[in-house]
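run.txt, holding compact mmCIF, C-alpha atoms:
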```
# COMPACT_ATOMS: atom_id res chain seq x y z
CA MET A 2 -64.26 53.99 39.14
CA SER A 3 -66.86 52.27 36.96
CA GLU A 4 -67.21 48.51 36.89
CA CYS A 5 -64.69 46.77 34.60
CA THR A 6 -66.20 45.43 31.37
CA HIS A 7 -62.95 43.65 30.39
CA ASP A 8 -63.03 45.53 27.07
CA CYS A 9 -59.70 47.40 27.14
CA SER A 10 -60.32 49.02 23.74
CA THR A 11 -63.02 51.28 25.19
CA CYS A 12 -61.44 51.89 28.59
CA ALA A 13 -59.26 54.84 29.57
CA GLN A 14 -58.11 53.38 32.88
CA ASN A 15 -54.51 52.22 33.24
CA CYS A 16 -55.15 49.23 35.48
CA SER A 17 -53.15 46.07 36.11
CA GLU A 18 -55.64 44.02 34.09
CA ARG A 19 -55.15 46.09 30.95
CA SER A 20 -53.98 44.03 27.95
CA PRO A 21 -51.26 45.46 25.71
CA GLN A 22 -52.66 46.67 22.39
CA SER A 23 -51.42 44.81 19.36
CA LEU A 24 -49.63 46.90 16.73
CA LEU A 25 -50.35 44.38 13.98
CA GLN A 26 -52.02 45.86 10.92
CA LYS A 27 -54.66 44.01 8.95
CA PRO A 28 -53.86 43.31 5.31
CA HIS A 29 -56.05 44.54 2.48
CA GLU A 30 -59.52 43.02 2.68
CA LEU A 31 -58.88 41.17 -0.58
CA SER A 32 -55.58 39.72 0.67
CA HIS A 33 -55.38 36.28 2.29
CA VAL A 34 -51.76 35.40 3.08
CA ARG A 35 -51.15 32.11 4.88
CA LYS A 36 -47.46 32.42 5.78
CA ILE A 37 -44.98 35.32 5.90
CA ILE A 38 -41.20 34.91 5.83
CA GLY A 39 -38.81 37.82 6.35
CA VAL A 40 -35.33 37.76 4.81
CA CYS A 41 -32.96 39.91 6.89
CA SER A 42 -29.34 40.90 7.31
CA GLY A 43 -27.41 43.09 9.67
CA LYS A 44 -25.84 45.09 6.84
CA GLY A 45 -26.21 45.78 3.13
CA GLY A 46 -24.46 44.09 0.24
CA VAL A 47 -24.61 40.51 1.51
CA GLY A 48 -27.14 39.21 -1.04
CA LYS A 49 -30.40 39.43 0.87
CA SER A 50 -32.46 40.25 -2.23
CA LEU A 51 -30.81 37.38 -4.12
CA VAL A 52 -31.76 34.91 -1.38
CA THR A 53 -35.31 36.29 -1.28
CA ALA A 54 -35.70 35.87 -5.03
CA LEU A 55 -34.24 32.35 -5.07
CA LEU A 56 -36.45 31.15 -2.21
CA ALA A 57 -39.53 32.62 -3.87
CA VAL A 58 -38.69 30.87 -7.16
CA LEU A 59 -38.18 27.54 -5.37
CA ALA A 60 -41.51 27.87 -3.56
CA GLN A 61 -43.22 28.76 -6.84
CA ARG A 62 -41.73 25.64 -8.44
CA GLN A 63 -43.47 23.57 -5.74
CA GLY A 64 -46.81 24.87 -6.99
CA LEU A 65 -47.37 27.44 -4.23
CA LYS A 66 -48.89 30.88 -4.71
CA VAL A 67 -46.03 33.26 -3.85
CA GLY A 68 -45.53 36.99 -3.42
CA ILE A 69 -42.56 39.26 -2.62
CA LEU A 70 -42.93 42.48 -0.65
CA ASP A 71 -39.79 44.53 -1.29
CA ALA A 72 -39.32 46.47 1.94
CA ASP A 73 -35.87 47.75 0.92
CA ILE A 74 -37.30 51.11 -0.13
CA THR A 75 -34.04 52.96 -0.75
CA GLY A 76 -32.33 50.06 -2.54
CA PRO A 77 -35.00 48.00 -4.30
CA SER A 78 -33.48 45.34 -6.54
CA ILE A 79 -36.17 42.65 -6.71
CA PRO A 80 -37.83 44.02 -9.90
CA ARG A 81 -34.50 44.00 -11.75
CA ALA A 82 -33.79 40.38 -10.77
CA PHE A 83 -37.12 39.32 -12.29
CA GLY A 84 -36.84 41.58 -15.34
CA LEU A 85 -40.00 43.53 -14.48
CA LYS A 86 -40.66 46.54 -16.70
CA GLU A 87 -44.37 47.04 -16.07
CA LYS A 88 -45.41 49.57 -13.43
CA ALA A 89 -47.80 48.75 -10.59
CA ALA A 90 -51.35 49.98 -11.09
CA GLY A 91 -54.31 50.50 -8.84
CA ASP A 92 -57.60 52.23 -8.22
CA GLN A 93 -59.79 53.16 -5.29
CA THR A 94 -59.87 49.52 -4.23
CA GLY A 95 -56.13 49.16 -3.80
CA ILE A 96 -52.76 48.62 -5.49
CA LEU A 97 -52.12 45.61 -7.71
CA PRO A 98 -48.67 43.98 -7.58
CA VAL A 99 -46.81 43.18 -10.78
CA ARG A 100 -46.66 39.51 -11.78
CA THR A 101 -43.46 37.83 -12.98
CA HIS A 102 -43.22 35.41 -15.91
CA THR A 103 -43.89 32.38 -13.69
CA GLY A 104 -46.62 34.02 -11.61
CA ILE A 105 -44.87 35.50 -8.56
CA ASP A 106 -46.54 38.74 -7.43
CA VAL A 107 -44.10 41.56 -6.60
CA MET A 108 -44.57 44.93 -4.94
CA SER A 109 -41.60 47.31 -4.85
CA LEU A 110 -41.15 51.05 -4.82
CA ASN A 111 -39.30 50.82 -8.15
CA LEU A 112 -42.59 49.62 -9.65
CA LEU A 113 -44.10 52.99 -8.72
CA LEU A 114 -41.26 55.32 -9.73
CA GLU A 115 -41.14 56.88 -13.19
CA ASN A 116 -37.45 56.01 -13.52
CA ASP A 117 -35.77 53.05 -11.81
CA SER A 118 -32.70 55.15 -11.02
CA ASP A 119 -34.58 57.94 -9.23
CA PRO A 120 -33.30 58.17 -5.64
CA VAL A 121 -35.67 57.89 -2.69
CA VAL A 122 -34.66 60.70 -0.34
CA TRP A 123 -37.05 60.01 2.52
CA ARG A 124 -36.71 60.04 6.27
CA GLY A 125 -37.15 56.87 8.30
CA PRO A 126 -40.81 57.32 9.35
CA VAL A 127 -41.88 57.97 5.75
CA ILE A 128 -40.04 54.85 4.56
CA ALA A 129 -41.63 52.78 7.32
CA GLY A 130 -45.03 54.15 6.34
CA ALA A 131 -44.52 53.10 2.73
CA VAL A 132 -43.65 49.57 3.79
CA GLY A 133 -46.78 49.46 5.91
CA GLN A 134 -48.87 50.47 2.90
CA PHE A 135 -47.35 47.64 0.86
CA TRP A 136 -49.05 45.36 3.40
CA THR A 137 -52.34 47.20 4.02
CA ASP A 138 -53.07 48.72 0.59
CA VAL A 139 -51.74 46.11 -1.86
CA ILE A 140 -54.17 43.47 -3.08
CA TRP A 141 -52.12 40.32 -2.63
CA GLY A 142 -55.04 37.97 -3.22
CA ASP A 143 -54.65 34.37 -2.06
CA LYS A 144 -51.03 33.60 -1.20
CA ASP A 145 -49.48 30.53 0.38
CA LEU A 146 -46.22 32.41 1.00
CA LEU A 147 -45.25 36.07 1.15
CA PHE A 148 -41.53 36.84 1.35
CA ILE A 149 -40.46 40.22 2.72
CA ASP A 150 -37.10 41.46 1.47
CA MET A 151 -36.03 43.54 4.48
CA PRO A 152 -33.79 46.60 4.38
CA PRO A 153 -30.34 46.14 5.91
CA GLY A 154 -29.72 46.85 9.58
CA THR A 155 -31.91 46.81 12.67
CA GLY A 156 -33.53 50.24 12.38
CA ASP A 157 -36.96 51.79 11.90
CA VAL A 158 -38.21 49.74 8.98
CA MET A 159 -37.24 46.35 10.37
CA LEU A 160 -38.90 47.27 13.68
CA THR A 161 -42.02 48.46 11.86
CA VAL A 162 -42.26 45.24 9.87
CA PHE A 163 -41.84 43.04 12.95
CA GLN A 164 -44.45 45.01 14.90
CA SER A 165 -47.06 45.64 12.20
CA ILE A 166 -46.89 42.58 9.93
CA PRO A 167 -47.46 39.06 11.32
CA VAL A 168 -44.10 37.58 10.28
CA ASP A 169 -43.99 33.83 10.97
CA ALA A 170 -40.22 33.36 10.74
CA VAL A 171 -37.07 34.95 9.34
CA VAL A 172 -34.11 33.80 7.30
CA LEU A 173 -30.82 35.62 7.94
CA VAL A 174 -28.20 36.24 5.25
CA SER A 175 -24.48 36.63 5.93
CA THR A 176 -21.08 36.41 4.25
CA PRO A 177 -17.95 34.69 5.64
CA GLN A 178 -16.15 37.81 6.97
CA GLU A 179 -15.96 37.97 10.76
CA LEU A 180 -17.15 41.60 10.77
CA VAL A 181 -20.35 40.57 9.01
CA GLU A 182 -20.70 37.67 11.45
CA MET A 183 -20.78 40.14 14.35
CA ILE A 184 -23.43 42.30 12.62
CA VAL A 185 -25.58 39.28 11.77
CA GLU A 186 -25.65 38.38 15.44
CA LYS A 187 -27.25 41.77 16.08
CA ALA A 188 -30.07 40.86 13.69
CA LEU A 189 -30.36 37.46 15.39
CA LYS A 190 -30.75 39.10 18.77
CA MET A 191 -33.30 41.59 17.44
CA ALA A 192 -35.44 38.76 16.05
CA GLY A 193 -35.22 37.13 19.47
CA MET A 194 -36.33 40.34 21.18
CA MET A 195 -39.38 40.43 18.88
CA ASN A 196 -40.12 36.73 19.54
CA ILE A 197 -39.81 35.85 15.86
CA PRO A 198 -38.23 32.46 15.11
CA VAL A 199 -35.05 32.33 13.01
CA LEU A 200 -35.69 29.49 10.59
CA GLY A 201 -32.43 29.49 8.69
CA LEU A 202 -29.05 31.09 8.07
CA VAL A 203 -27.65 31.53 4.55
CA GLU A 204 -24.01 32.34 3.89
CA ASN A 205 -23.69 34.07 0.52
CA MET A 206 -20.41 34.31 -1.44
CA SER A 207 -19.31 31.38 0.70
CA TYR A 208 -16.89 29.91 -1.85
CA ALA A 209 -15.96 29.77 -5.53
CA THR A 210 -15.47 26.61 -7.54
CA CYS A 211 -12.50 26.38 -9.90
CA PRO A 212 -13.84 25.72 -13.43
CA ASP A 213 -10.80 23.58 -14.25
CA CYS A 214 -10.24 21.30 -11.26
CA GLY A 215 -13.52 21.74 -9.32
CA LYS A 216 -11.75 22.72 -6.11
CA ARG A 217 -13.64 24.99 -3.72
CA VAL A 218 -11.86 28.20 -2.76
CA GLU A 219 -13.09 30.20 0.25
CA VAL A 220 -12.40 33.63 -1.24
CA PHE A 221 -13.56 35.66 1.75
CA GLY A 222 -12.24 33.41 4.49
CA HIS A 223 -13.29 30.34 6.38
CA SER A 224 -17.00 29.76 6.86
CA HIS A 225 -18.40 30.21 10.39
CA ILE A 226 -22.00 29.46 9.51
CA GLU A 227 -22.22 26.17 11.37
CA GLU A 228 -20.71 27.70 14.51
CA ILE A 229 -23.24 30.55 14.52
CA ALA A 230 -26.13 28.18 13.82
CA LYS A 231 -25.11 25.91 16.70
CA ARG A 232 -24.63 28.86 19.06
CA TYR A 233 -28.15 30.16 18.43
CA GLY A 234 -29.93 26.88 17.82
CA ILE A 235 -30.66 27.53 14.15
CA GLU A 236 -31.60 24.25 12.52
CA HIS A 237 -31.23 25.06 8.81
CA THR A 238 -28.16 26.47 7.06
CA ALA A 239 -27.12 26.93 3.44
CA ARG A 240 -24.06 28.17 1.56
CA LEU A 241 -24.34 30.07 -1.73
CA PRO A 242 -21.28 30.12 -3.99
CA ILE A 243 -19.87 32.92 -6.09
CA ASP A 244 -21.41 31.81 -9.37
CA PRO A 245 -20.92 33.95 -12.52
CA LYS A 246 -23.89 32.29 -14.24
CA LEU A 247 -26.18 33.12 -11.33
CA SER A 248 -24.95 36.72 -11.26
CA ALA A 249 -25.49 37.07 -15.01
CA GLY A 250 -29.01 35.67 -14.70
CA VAL A 251 -29.89 38.25 -12.06
CA ASP A 252 -28.44 41.10 -14.14
CA LYS A 253 -30.50 39.98 -17.14
CA GLY A 254 -33.71 39.60 -15.13
CA LEU A 255 -33.75 35.83 -15.58
CA ILE A 256 -33.60 34.71 -11.95
CA GLU A 257 -36.56 32.38 -12.54
CA LEU A 258 -34.41 30.22 -14.82
CA PHE A 259 -31.65 29.52 -12.30
CA ASN A 260 -30.29 26.03 -11.71
CA GLY A 261 -28.82 25.01 -8.35
CA ASP A 262 -29.76 23.00 -5.28
CA TRP A 263 -28.07 25.25 -2.69
CA LEU A 264 -31.32 26.36 -1.03
CA ASP A 265 -33.56 23.34 -1.67
CA LYS A 266 -33.57 22.05 1.91
CA LEU A 267 -34.16 25.52 3.35
CA ALA A 268 -37.03 26.09 0.90
CA ASP A 269 -38.61 22.80 2.02
CA ALA A 270 -38.26 23.88 5.66
CA ILE A 271 -39.99 27.19 4.88
CA VAL A 272 -42.89 25.39 3.22
CA ASP A 273 -43.22 23.04 6.21
CA CYS A 274 -42.67 25.55 9.03
CA PRO A 275 -45.70 26.26 11.24
CA VAL A 276 -47.72 29.45 11.04
CA ARG A 277 -47.60 31.54 14.20
CA GLU A 278 -50.83 32.20 16.05
CA ARG A 279 -52.22 35.56 15.04
CA ASP A 280 -55.35 37.64 15.46
CA GLY A 281 -57.71 37.80 12.52
CA ASP A 282 -57.23 36.53 9.01
CA ALA A 283 -53.76 37.40 7.66
```

As structure tokens, what does this structure read like?
Amino acid sequence: MSECTHDCSTCAQNCSERSPQSLLQKPHELSHVRKIIGVCSGKGGVGKSLVTALLAVLAQRQGLKVGILDADITGPSIPRAFGLKEKAAGDQTGILPVRTHTGIDVMSLNLLLENDSDPVVWRGPVIAGAVGQFWTDVIWGDKDLLFIDMPPGTGDVMLTVFQSIPVDAVVLVSTPQELVEMIVEKALKMAGMMNIPVLGLVENMSYATCPDCGKRVEVFGHSHIEEIAKRYGIEHTARLPIDPKLSAGVDKGLIELFNGDWLDKLADAIVDCPVRERDGDA
């Protein structure tokens, strides 16, 4: 055996001193992203894209440079929430995201399709590859915050994102039903397995407010968000109501005009949360 040079990248030996190779991918050479926040859920239909959009808008209102990477390839809804009609363009240098009215850069598969309603009938590895390209081939420029709208579940794409993109923390989205609570705990445990901090837990459709008397009605059952947060040591929680005005704003592509303080404290925590140590400039 030749003398060890301590450079594992050029060595074929499988010795005890060998360091595990990082699977992290470098972003585009013209991208400089300071902090990356993933927004996850254990299942679909809980409002993950809504929470992503709202948090991005709140960060933008604080004067930060913000981007959204829509990793929900088969169900992309971020462009609709922001009313984006323009298609993403690019050249040999890379792909340019589409900018919203207030300056948030967005990259989503729907910005590449000829028709928004065209289905994406791809197998898991192909979908994961597309998400990876949204990180390596898109020119994000200088960004203080990049939000990743994750696909539902704990499958291929979520694993690919956690392994290949240097995510600093995640926010989990749930609804009050106990079944969803169980599935969210799966996502919590997966984040723990990948050593990614869970910064906050958002309960969507948590309650409705009577327009006449102002009473809160828990339409889908009693909230368990505080119990889950305490059980897993999650410091920040938030409850989003069933709000017809908010829903209408999303449908009309006017999410950037929303009014509401439901996520203000969580947005502040995201801005203040530390950046994880990573190799290279991300």

Checklist entry - What is the distance between atom CA of Ser109 of chain A and atom CA of Val251 of chain A, in Å to one decimal? => result 16.5 Å

Could you give me, as a tab-separated table, every segment 92-161 of chain A residue with an atom at most 12 Å from segment 81-84 of chain A, plus its closest atom pair and distance in Å to one decimal, counting all atoms listed in the file, rows ordered by chain then number?
```
residue	atom	partner	partner_atom	distance
A:Val99	CA	A:Phe83	CA	10.5
A:Arg100	CA	A:Phe83	CA	9.6
A:Thr101	CA	A:Phe83	CA	6.5
A:His102	CA	A:Phe83	CA	8.1
A:Thr103	CA	A:Phe83	CA	9.8
A:Gly104	CA	A:Phe83	CA	10.9
A:Ile105	CA	A:Phe83	CA	9.4
A:Asp106	CA	A:Phe83	CA	10.6
A:Val107	CA	A:Phe83	CA	9.3
A:Met108	CA	A:Phe83	CA	11.9
A:Ser109	CA	A:Arg81	CA	10.4
A:Leu110	CA	A:Arg81	CA	11.9
A:Asn111	CA	A:Arg81	CA	9.1
A:Leu112	CA	A:Arg81	CA	10.1
A:Asp117	CA	A:Arg81	CA	9.1
A:Ser118	CA	A:Arg81	CA	11.3
```

Item to check | Residues within 8 Å of segment 165-169 of chain A, all atoms listed in the file, excluding chain neighbours under 5 positions, as an MDAnalysis selection string | outcome: chainID A and resid 24:27 36:39 133 136 197:198 275:277 279 283

Item to check | Pairwise distance for atom CA of Gln178 of chain A and atom CA of Gly193 of chain A, rounded to one decimal in Å | outcome: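 Calculated distance between atom CA of Gln178 of chain A and atom CA of Gly193 of chain A is 22.8 Å.
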
Checklist entry - For Glu30 of chain A, which of A:Thr137, A:Ser175, A:Asn196, A:Gln61 is the closest residue, counting only C-alpha atoms? => result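 Using only C-alpha atoms, the shortest distance to Glu30 of chain A belongs to A:Thr137.
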
Next on the checklist: Given the point (-20.8, 28.1, -3.9) in the coordinates of this file, which residues lie within 7 Å, counting only C-alpha atoms, and how would they look as a PyMOL selection string?
Outcome noted: chain A and resi 206-210+240-244

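When only C-alpha atoms are used to measure the gap to Lys253 of chain A, the shortest distance among A:Gly130, A:Gly215, A:Gly91, A:Pro80 belongs to A:Pro80.
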
Checklist entry - Could you state the separation of atom CA of Ala90 of chain A and atom CA of Gly142 of chain A in Å, given to one decimal place? => result 14.8 Å

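Nearest to Ser50 of chain A of all the residues A:Ile256, A:Ile128, A:Ala170, A:Ile184 is A:Ile256, counting all atoms listed in the file.
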
Checklist entry - Which of these residues is nearest to Gly64 of chain A, using all atoms listed in the file: A:Lys144, A:Arg232, A:His223, A:Lys266? => result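 The answer is A:Lys144, which sits nearest to Gly64 of chain A.
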
Checklist outcome for this item: Across A:Ala129, A:Val139, A:Val199, A:Ile229, the smallest distance to Gln164 of chain A, with all atoms listed in the file counted, is shown by A:Ala129

Checklist entry - Hey, can you pull every residue with an atom no more than 10 Å from (-26.8, 40.5, 8.8), using all atoms listed in the file, and send it as a count of residues only? => result 30

Item to check | Pick from A:Phe259, A:Cys214, A:Tyr233, A:Asp157 nearest to Lys190 of chain A, counting all atoms listed in the file | outcome: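 Ranking A:Phe259, A:Cys214, A:Tyr233, A:Asp157 by distance to Lys190 of chain A, first place goes to A:Tyr233.
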
Next on the checklist: Residues within 7 Å of His237 of chain A, please, as a list of chain:residue names. Count all atoms listed in the file; anything in the same chain fewer than 5 positions from it doesn't count.
Outcome noted: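 Returned residues: A:Leu200, A:Gly201, A:Leu202, A:Leu267.
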